[in-house]
file query-v7.cif (mmCIF, C-alpha atoms)
data_my_file
loop_
_atom_site.label_atom_id
_atom_site.label_comp_id
_atom_site.auth_asym_id
_atom_site.auth_seq_id
_atom_site.Cartn_x
_atom_site.Cartn_y
_atom_site.Cartn_z
CA MET A 1 21.11 28.73 17.28
CA ILE A 2 20.18 25.11 16.48
CA LEU A 3 17.44 24.66 13.88
CA MET A 4 15.18 21.73 14.64
CA ALA A 5 13.64 19.76 11.79
CA PRO A 6 9.87 20.18 11.67
CA GLU A 7 7.97 17.24 13.11
CA LEU A 8 6.36 15.06 10.47
CA ARG A 9 2.58 15.16 10.25
CA ARG A 10 1.26 11.63 10.54
CA ILE A 11 -1.95 9.95 9.56
CA PRO A 12 -3.43 6.97 11.42
CA THR A 13 -3.39 3.71 9.49
CA GLY A 14 -6.60 2.26 10.91
CA ILE A 15 -4.66 -0.92 11.75
CA PRO A 16 -4.71 -1.64 15.51
CA GLY A 17 -1.21 -1.66 16.98
CA LEU A 18 0.59 -0.44 13.85
CA ASP A 19 0.48 3.26 14.71
CA GLU A 20 2.15 2.50 18.03
CA VAL A 21 5.00 0.81 16.16
CA LEU A 22 5.24 3.73 13.72
CA GLY A 23 5.32 6.41 16.39
CA GLY A 24 1.86 7.76 15.62
CA GLY A 25 1.14 6.69 12.07
CA ILE A 26 2.49 7.01 8.54
CA PRO A 27 4.03 10.38 7.66
CA ALA A 28 1.58 12.26 5.45
CA ASN A 29 2.19 12.21 1.68
CA TYR A 30 4.67 9.33 1.91
CA LEU A 31 4.78 6.38 -0.46
CA VAL A 32 5.12 3.23 1.63
CA LEU A 33 5.93 -0.16 0.14
CA VAL A 34 4.14 -3.20 1.59
CA SER A 35 6.19 -6.23 0.62
CA GLY A 36 5.68 -9.93 1.21
CA THR A 37 5.17 -13.39 -0.21
CA THR A 38 1.79 -14.75 -1.28
CA GLY A 39 -0.87 -15.02 1.41
CA VAL A 40 0.61 -12.77 4.10
CA GLY A 41 -2.22 -10.19 4.01
CA LYS A 42 -0.93 -7.43 1.72
CA THR A 43 -4.33 -6.82 0.11
CA VAL A 44 -6.08 -6.86 3.49
CA MET A 45 -3.64 -4.26 4.82
CA LEU A 46 -4.18 -1.96 1.83
CA ALA A 47 -7.96 -2.35 1.95
CA GLN A 48 -8.01 -1.64 5.69
CA PHE A 49 -5.94 1.50 5.18
CA ILE A 50 -8.44 2.76 2.60
CA TYR A 51 -11.63 1.65 4.37
CA LYS A 52 -10.74 2.89 7.84
CA GLY A 53 -9.43 6.12 6.39
CA ALA A 54 -12.82 6.87 4.85
CA VAL A 55 -14.97 5.62 7.73
CA ASP A 56 -12.97 6.59 10.82
CA TYR A 57 -10.82 9.53 9.75
CA GLY A 58 -12.76 11.36 7.05
CA GLN A 59 -10.11 10.71 4.40
CA ASN A 60 -11.48 9.50 1.10
CA GLY A 61 -9.47 6.93 -0.80
CA VAL A 62 -8.64 5.39 -4.16
CA PHE A 63 -7.94 1.67 -4.43
CA VAL A 64 -6.02 0.62 -7.55
CA THR A 65 -6.18 -3.09 -8.31
CA PHE A 66 -4.35 -5.22 -10.87
CA GLU A 67 -4.99 -8.77 -9.67
CA GLU A 68 -8.56 -8.89 -8.31
CA THR A 69 -11.65 -7.07 -9.51
CA PRO A 70 -13.32 -4.55 -7.21
CA GLU A 71 -16.23 -6.97 -6.82
CA GLU A 72 -13.88 -9.73 -5.66
CA ILE A 73 -12.15 -7.43 -3.20
CA ALA A 74 -15.45 -6.13 -1.81
CA ARG A 75 -16.71 -9.69 -1.35
CA GLU A 76 -13.55 -10.82 0.45
CA MET A 77 -13.44 -7.76 2.72
CA LYS A 78 -17.09 -8.17 3.70
CA GLY A 79 -15.91 -10.85 6.13
CA PHE A 80 -14.21 -8.10 8.15
CA GLY A 81 -17.42 -6.07 8.26
CA TRP A 82 -16.22 -3.61 5.61
CA ASN A 83 -18.94 -2.43 3.23
CA PHE A 84 -16.99 -1.10 0.27
CA PRO A 85 -20.00 -0.83 -2.11
CA ARG A 86 -21.63 1.63 0.29
CA LEU A 87 -18.51 3.80 0.36
CA VAL A 88 -18.27 3.68 -3.43
CA LYS A 89 -21.92 4.74 -3.74
CA ARG A 90 -21.28 7.67 -1.38
CA LYS A 91 -18.14 8.63 -3.34
CA ARG A 92 -15.92 8.11 -0.34
CA VAL A 93 -13.89 5.42 -2.11
CA LYS A 94 -13.19 4.84 -5.77
CA PHE A 95 -11.79 1.67 -7.30
CA VAL A 96 -9.54 1.83 -10.35
CA ASP A 97 -9.76 -1.56 -12.04
CA PHE A 98 -6.73 -2.52 -14.12
CA THR A 99 -7.43 -6.27 -14.11
CA ASP A 100 -8.19 -5.67 -17.79
CA PRO A 101 -5.13 -3.60 -18.76
CA SER A 102 -6.38 -2.57 -22.19
CA SER A 103 -6.79 1.07 -21.12
CA LEU A 104 -3.09 1.19 -20.24
CA ILE A 105 -1.60 -0.52 -23.29
CA GLU A 106 -3.87 0.63 -26.12
CA GLY A 107 -1.07 2.84 -27.44
CA GLY A 108 1.64 0.21 -27.00
CA ARG A 109 3.79 -0.97 -24.13
CA ARG A 110 6.43 1.72 -23.99
CA ALA A 111 7.13 2.18 -20.30
CA SER A 112 6.73 5.95 -20.44
CA SER A 113 3.37 5.70 -22.23
CA VAL A 114 1.94 3.10 -19.84
CA ALA A 115 3.20 5.05 -16.80
CA LYS A 116 1.64 8.29 -18.06
CA LYS A 117 -1.74 6.67 -18.64
CA PHE A 118 -1.57 5.04 -15.24
CA MET A 119 -0.88 8.34 -13.51
CA ASP A 120 -3.48 10.24 -15.54
CA ILE A 121 -6.24 7.74 -14.71
CA VAL A 122 -5.35 7.52 -11.01
CA GLU A 123 -4.93 11.28 -10.64
CA ASP A 124 -8.37 11.85 -12.19
CA SER A 125 -9.81 9.42 -9.65
CA ILE A 126 -8.03 11.17 -6.77
CA ARG A 127 -9.53 14.49 -7.79
CA GLU A 128 -12.96 12.95 -8.40
CA VAL A 129 -13.40 11.84 -4.78
CA GLY A 130 -11.00 14.27 -3.11
CA ALA A 131 -8.82 11.37 -1.97
CA LYS A 132 -6.15 11.69 0.69
CA ARG A 133 -5.19 8.00 0.57
CA VAL A 134 -4.23 5.73 -2.32
CA ALA A 135 -3.56 2.00 -2.34
CA VAL A 136 -1.94 0.33 -5.34
CA ASP A 137 -2.32 -3.44 -5.07
CA GLY A 138 -0.02 -5.31 -7.42
CA LEU A 139 3.02 -3.30 -8.50
CA PRO A 140 4.60 -6.30 -10.29
CA ALA A 141 1.63 -6.42 -12.67
CA LEU A 142 2.22 -2.78 -13.63
CA ALA A 143 5.92 -3.45 -14.15
CA LEU A 144 5.13 -6.42 -16.41
CA LEU A 145 2.78 -4.28 -18.50
CA MET A 146 5.51 -1.71 -18.98
CA LYS A 147 8.16 -4.37 -19.64
CA ALA A 148 10.42 -2.05 -17.67
CA GLU A 149 13.93 -2.99 -16.64
CA SER A 150 14.91 -2.15 -13.06
CA PRO A 151 16.57 1.25 -13.76
CA VAL A 152 13.55 2.43 -15.77
CA LEU A 153 11.13 1.10 -13.15
CA ARG A 154 13.01 3.02 -10.49
CA LEU A 155 12.61 6.29 -12.43
CA ILE A 156 8.91 5.63 -13.03
CA LEU A 157 8.27 4.88 -9.36
CA ARG A 158 10.01 8.12 -8.42
CA ALA A 159 7.71 10.01 -10.79
CA ILE A 160 4.65 8.31 -9.29
CA ARG A 161 5.83 9.12 -5.78
CA PHE A 162 6.38 12.82 -6.50
CA GLU A 163 3.13 13.25 -8.44
CA PHE A 164 1.01 11.62 -5.75
CA SER A 165 2.79 13.58 -3.03
CA LYS A 166 2.05 16.85 -4.86
CA LEU A 167 -1.63 15.90 -4.81
CA GLY A 168 -1.46 15.54 -1.02
CA VAL A 169 -2.10 11.80 -0.83
CA THR A 170 -0.45 9.11 1.26
CA THR A 171 0.14 5.91 -0.69
CA LEU A 172 0.53 2.25 0.17
CA MET A 173 1.84 0.12 -2.70
CA SER A 174 2.19 -3.66 -2.56
CA THR A 175 4.89 -5.76 -4.16
CA GLU A 176 5.82 -9.43 -4.00
CA ILE A 177 8.77 -11.24 -2.55
CA VAL A 178 9.81 -14.35 -4.45
CA GLU A 179 10.10 -17.26 -2.00
CA GLY A 180 13.73 -18.03 -1.21
CA SER A 181 15.11 -15.04 -3.10
CA GLY A 182 16.50 -13.30 -0.03
CA MET A 183 15.17 -9.99 -1.41
CA ILE A 184 12.58 -7.66 0.13
CA SER A 185 10.88 -6.79 -3.16
CA ARG A 186 10.26 -8.30 -6.58
CA TYR A 187 12.68 -6.15 -8.57
CA GLY A 188 15.09 -4.88 -5.94
CA VAL A 189 14.43 -1.18 -6.66
CA GLU A 190 11.03 -0.56 -5.11
CA GLU A 191 12.45 -0.18 -1.61
CA LEU A 192 14.99 2.35 -2.86
CA VAL A 193 12.26 4.72 -4.07
CA ALA A 194 9.69 4.29 -1.31
CA GLN A 195 10.02 6.46 1.78
CA GLY A 196 8.82 3.60 3.94
CA VAL A 197 9.03 -0.19 3.68
CA ILE A 198 6.90 -2.67 5.64
CA VAL A 199 7.78 -6.33 5.16
CA LEU A 200 5.20 -9.02 5.98
CA SER A 201 6.26 -12.63 6.37
CA GLU A 202 5.34 -15.98 7.86
CA ARG A 203 7.44 -18.47 9.81
CA VAL A 204 6.73 -21.82 11.40
CA VAL A 205 7.67 -22.09 15.09
CA GLY A 206 6.93 -25.25 17.05
CA GLY A 207 4.45 -26.42 14.47
CA HIS A 208 2.56 -23.11 14.54
CA CYS A 209 2.59 -20.38 11.92
CA GLN A 210 3.62 -16.91 13.07
CA ARG A 211 2.93 -13.82 11.02
CA VAL A 212 5.70 -11.27 11.42
CA LEU A 213 5.86 -7.58 10.51
CA HIS A 214 9.12 -5.69 10.10
CA ILE A 215 9.35 -1.92 9.57
CA LYS A 216 12.39 -1.98 7.32
CA LYS A 217 12.48 1.78 6.87
CA MET A 218 10.42 4.91 7.49
CA ARG A 219 12.34 8.06 6.64
CA GLY A 220 12.36 10.70 9.34
CA SER A 221 10.98 8.29 11.92
CA PRO A 222 12.59 6.35 14.75
CA ILE A 223 11.49 2.77 14.23
CA PRO A 224 11.94 -0.30 16.41
CA ARG A 225 14.74 -2.59 15.25
CA ARG A 226 12.69 -5.64 16.12
CA LEU A 227 9.99 -7.79 14.62
CA CYS A 228 6.32 -7.54 15.58
CA LEU A 229 3.67 -10.22 15.47
CA TYR A 230 0.46 -9.59 13.57
CA ASP A 231 -2.59 -11.58 12.54
CA ILE A 232 -5.58 -11.38 10.23
CA VAL A 233 -8.59 -11.48 12.55
CA PRO A 234 -12.24 -12.12 11.55
CA ASN A 235 -14.43 -9.00 11.88
CA GLN A 236 -11.33 -6.86 12.47
CA GLY A 237 -8.80 -7.29 9.69
CA MET A 238 -5.10 -6.89 10.37
CA VAL A 239 -4.07 -6.49 14.01
CA VAL A 240 -0.47 -5.80 15.07
CA TYR A 241 0.80 -6.81 18.52
CA PRO A 242 3.66 -4.40 19.33
CA LYS A 243 4.53 -5.93 22.70
CA ALA A 244 4.36 -9.59 21.70
CA ILE A 245 7.71 -11.38 21.71
CA VAL A 246 8.75 -13.00 18.45
CA THR A 247 10.28 -16.38 19.25
#

call {"tool": "encode", "arguments": {"input": "query-v7.cif", "output": "structure tokens"}}
result
Amino acid sequence: MILMAPELRRIPTGIPGLDEVLGGGIPANYLVLVSGTTGVGKTVMLAQFIYKGAVDYGQNGVFVTFEETPEEIAREMKGFGWNFPRLVKRKRVKFVDFTDPSSLIEGGRRASSVAKKFMDIVEDSIREVGAKRVAVDGLPALALLMKAESPVLRLILRAIRFEFSKLGVTTLMSTEIVEGSGMISRYGVEELVAQGVIVLSERVVGGHCQRVLHIKKMRGSPIPRRLCLYDIVPNQGMVVYPKAIVT
């Protein structure tokens, strides 16, 4: 008798075209890394995942921000027709603002202490709104606060992944790629911990800029070994074009 592995339950991303590439969506309770250089749309992707989850799929969300205040994010995302203040007022979405990191480092910068405070604050927010989705925008900022070396950061990310998974949330977490580094993350360990990795990049072809998405890994999922075009579209947000040919 051959035992078949249970099929993964997937949640829709809310990003047109991406679920087709992913075979139906992101596996539930996964931590997925969104990696890319500056200006490729990482924050837009995370915000769309949270907003569409709450509006279209009845899944409340928590948006954790290190670089931009919630007010700045809400103002920028208004151009896509996304009314974050309304969702916050209705307790469908909660922002966790770490642009002022004093709440994380008041007891010092020991990596374990900062990580515990981070998880405690975010977990309280998850329970407060009954979140099923979490977006963490700006992992490098958290790593800098902890002054964590790569091996320690890897352990901390594993702890975050398991804790969030136990709470039944699916997480997108953004990290940076340093231009010209040849790496797919800032520290070289994030992709080892995450169950999925989505790399966003830009290239110039014939004088035109192409935005390219690559599903580097998604555990338990067959993924296309090819690049997909995407764009950031007014009044829509991120749109992926699965059948477009990357030149």

call {"tool": "atom_distance", "arguments": {"input": "query-v7.cif", "atom1": "CA of Leu22 (chain A)", "atom2": "CA of Asp137 (chain A)"}}
result
21.5 Å

call {"tool": "residues_around", "arguments": {"input": "query-v7.cif", "residues": "Phe95 (chain A)", "least_positions_apart": "2", "cutoff": "12 Å", "atoms": "only C-alpha atoms", "output": "ChimeraX atom specification"}}
result
/A:47,50-51,60-66,68-74,84-85,87-89,91-93,97-99,121-122,124-126,128-129,131,134-137

call {"tool": "residues_around", "arguments": {"input": "query-v7.cif", "residues": "Val205 (chain A)", "least_positions_apart": "3", "cutoff": "10 Å", "atoms": "all atoms listed in the file", "output": "list in words"}}
result
Glu202, His208, Cys209, Gln210, Val246 and Thr247 of chain A

call {"tool": "residues_around", "arguments": {"input": "query-v7.cif", "residues": "Lys216 (chain A)", "least_positions_apart": "3", "cutoff": "10 Å", "atoms": "only C-alpha atoms", "output": "ChimeraX atom specification"}}
result
/A:33,184,191,196-199,213,223-227

call {"tool": "resolve_selection", "arguments": {"input": "query-v7.cif", "expression": "the PyMOL selection byres ((chain A and resi 16) around 7)", "output": "list in words"}}
result
Gly14, Ile15, Gly17, Leu18, Val239 and Val240 of chain A

call {"tool": "closest_residue", "arguments": {"input": "query-v7.cif", "among": "A:Lys52, A:Ser102, A:Pro242, A:Ala143", "to": "Glu176 (chain A)", "atoms": "all atoms listed in the file"}}
result
A:Ala143

call {"tool": "resolve_selection", "arguments": {"input": "query-v7.cif", "expression": "the PyMOL selection byres ((chain A and resi 12) around 12)", "output": "PDB file with C-alpha atoms, in the frame of the given file"}}
result
ATOM      1  CA  ARG A   9       2.580  15.160  10.250  1.00  0.00           C
ATOM      2  CA  ARG A  10       1.260  11.630  10.540  1.00  0.00           C
ATOM      3  CA  ILE A  11      -1.950   9.950   9.560  1.00  0.00           C
ATOM      4  CA  THR A  13      -3.390   3.710   9.490  1.00  0.00           C
ATOM      5  CA  GLY A  14      -6.600   2.260  10.910  1.00  0.00           C
ATOM      6  CA  ILE A  15      -4.660  -0.920  11.750  1.00  0.00           C
ATOM      7  CA  PRO A  16      -4.710  -1.640  15.510  1.00  0.00           C
ATOM      8  CA  GLY A  17      -1.210  -1.660  16.980  1.00  0.00           C
ATOM      9  CA  LEU A  18       0.590  -0.440  13.850  1.00  0.00           C
ATOM     10  CA  ASP A  19       0.480   3.260  14.710  1.00  0.00           C
ATOM     11  CA  GLU A  20       2.150   2.500  18.030  1.00  0.00           C
ATOM     12  CA  VAL A  21       5.000   0.810  16.160  1.00  0.00           C
ATOM     13  CA  LEU A  22       5.240   3.730  13.720  1.00  0.00           C
ATOM     14  CA  GLY A  23       5.320   6.410  16.390  1.00  0.00           C
ATOM     15  CA  GLY A  24       1.860   7.760  15.620  1.00  0.00           C
ATOM     16  CA  GLY A  25       1.140   6.690  12.070  1.00  0.00           C
ATOM     17  CA  ILE A  26       2.490   7.010   8.540  1.00  0.00           C
ATOM     18  CA  PRO A  27       4.030  10.380   7.660  1.00  0.00           C
ATOM     19  CA  ALA A  28       1.580  12.260   5.450  1.00  0.00           C
ATOM     20  CA  GLN A  48      -8.010  -1.640   5.690  1.00  0.00           C
ATOM     21  CA  PHE A  49      -5.940   1.500   5.180  1.00  0.00           C
ATOM     22  CA  ILE A  50      -8.440   2.760   2.600  1.00  0.00           C
ATOM     23  CA  LYS A  52     -10.740   2.890   7.840  1.00  0.00           C
ATOM     24  CA  GLY A  53      -9.430   6.120   6.390  1.00  0.00           C
ATOM     25  CA  ALA A  54     -12.820   6.870   4.850  1.00  0.00           C
ATOM     26  CA  ASP A  56     -12.970   6.590  10.820  1.00  0.00           C
ATOM     27  CA  TYR A  57     -10.820   9.530   9.750  1.00  0.00           C
ATOM     28  CA  GLY A  58     -12.760  11.360   7.050  1.00  0.00           C
ATOM     29  CA  GLN A  59     -10.110  10.710   4.400  1.00  0.00           C
ATOM     30  CA  ARG A 133      -5.190   8.000   0.570  1.00  0.00           C
ATOM     31  CA  THR A 170      -0.450   9.110   1.260  1.00  0.00           C
TER      32      THR A 170
END

call {"tool": "atom_distance", "arguments": {"input": "query-v7.cif", "atom1": "CA of Tyr30 (chain A)", "atom2": "CA of Ile232 (chain A)"}}
result
24.6 Å

call {"tool": "atom_distance", "arguments": {"input": "query-v7.cif", "atom1": "CA of Val32 (chain A)", "atom2": "CA of Ala141 (chain A)"}}
result
17.6 Å
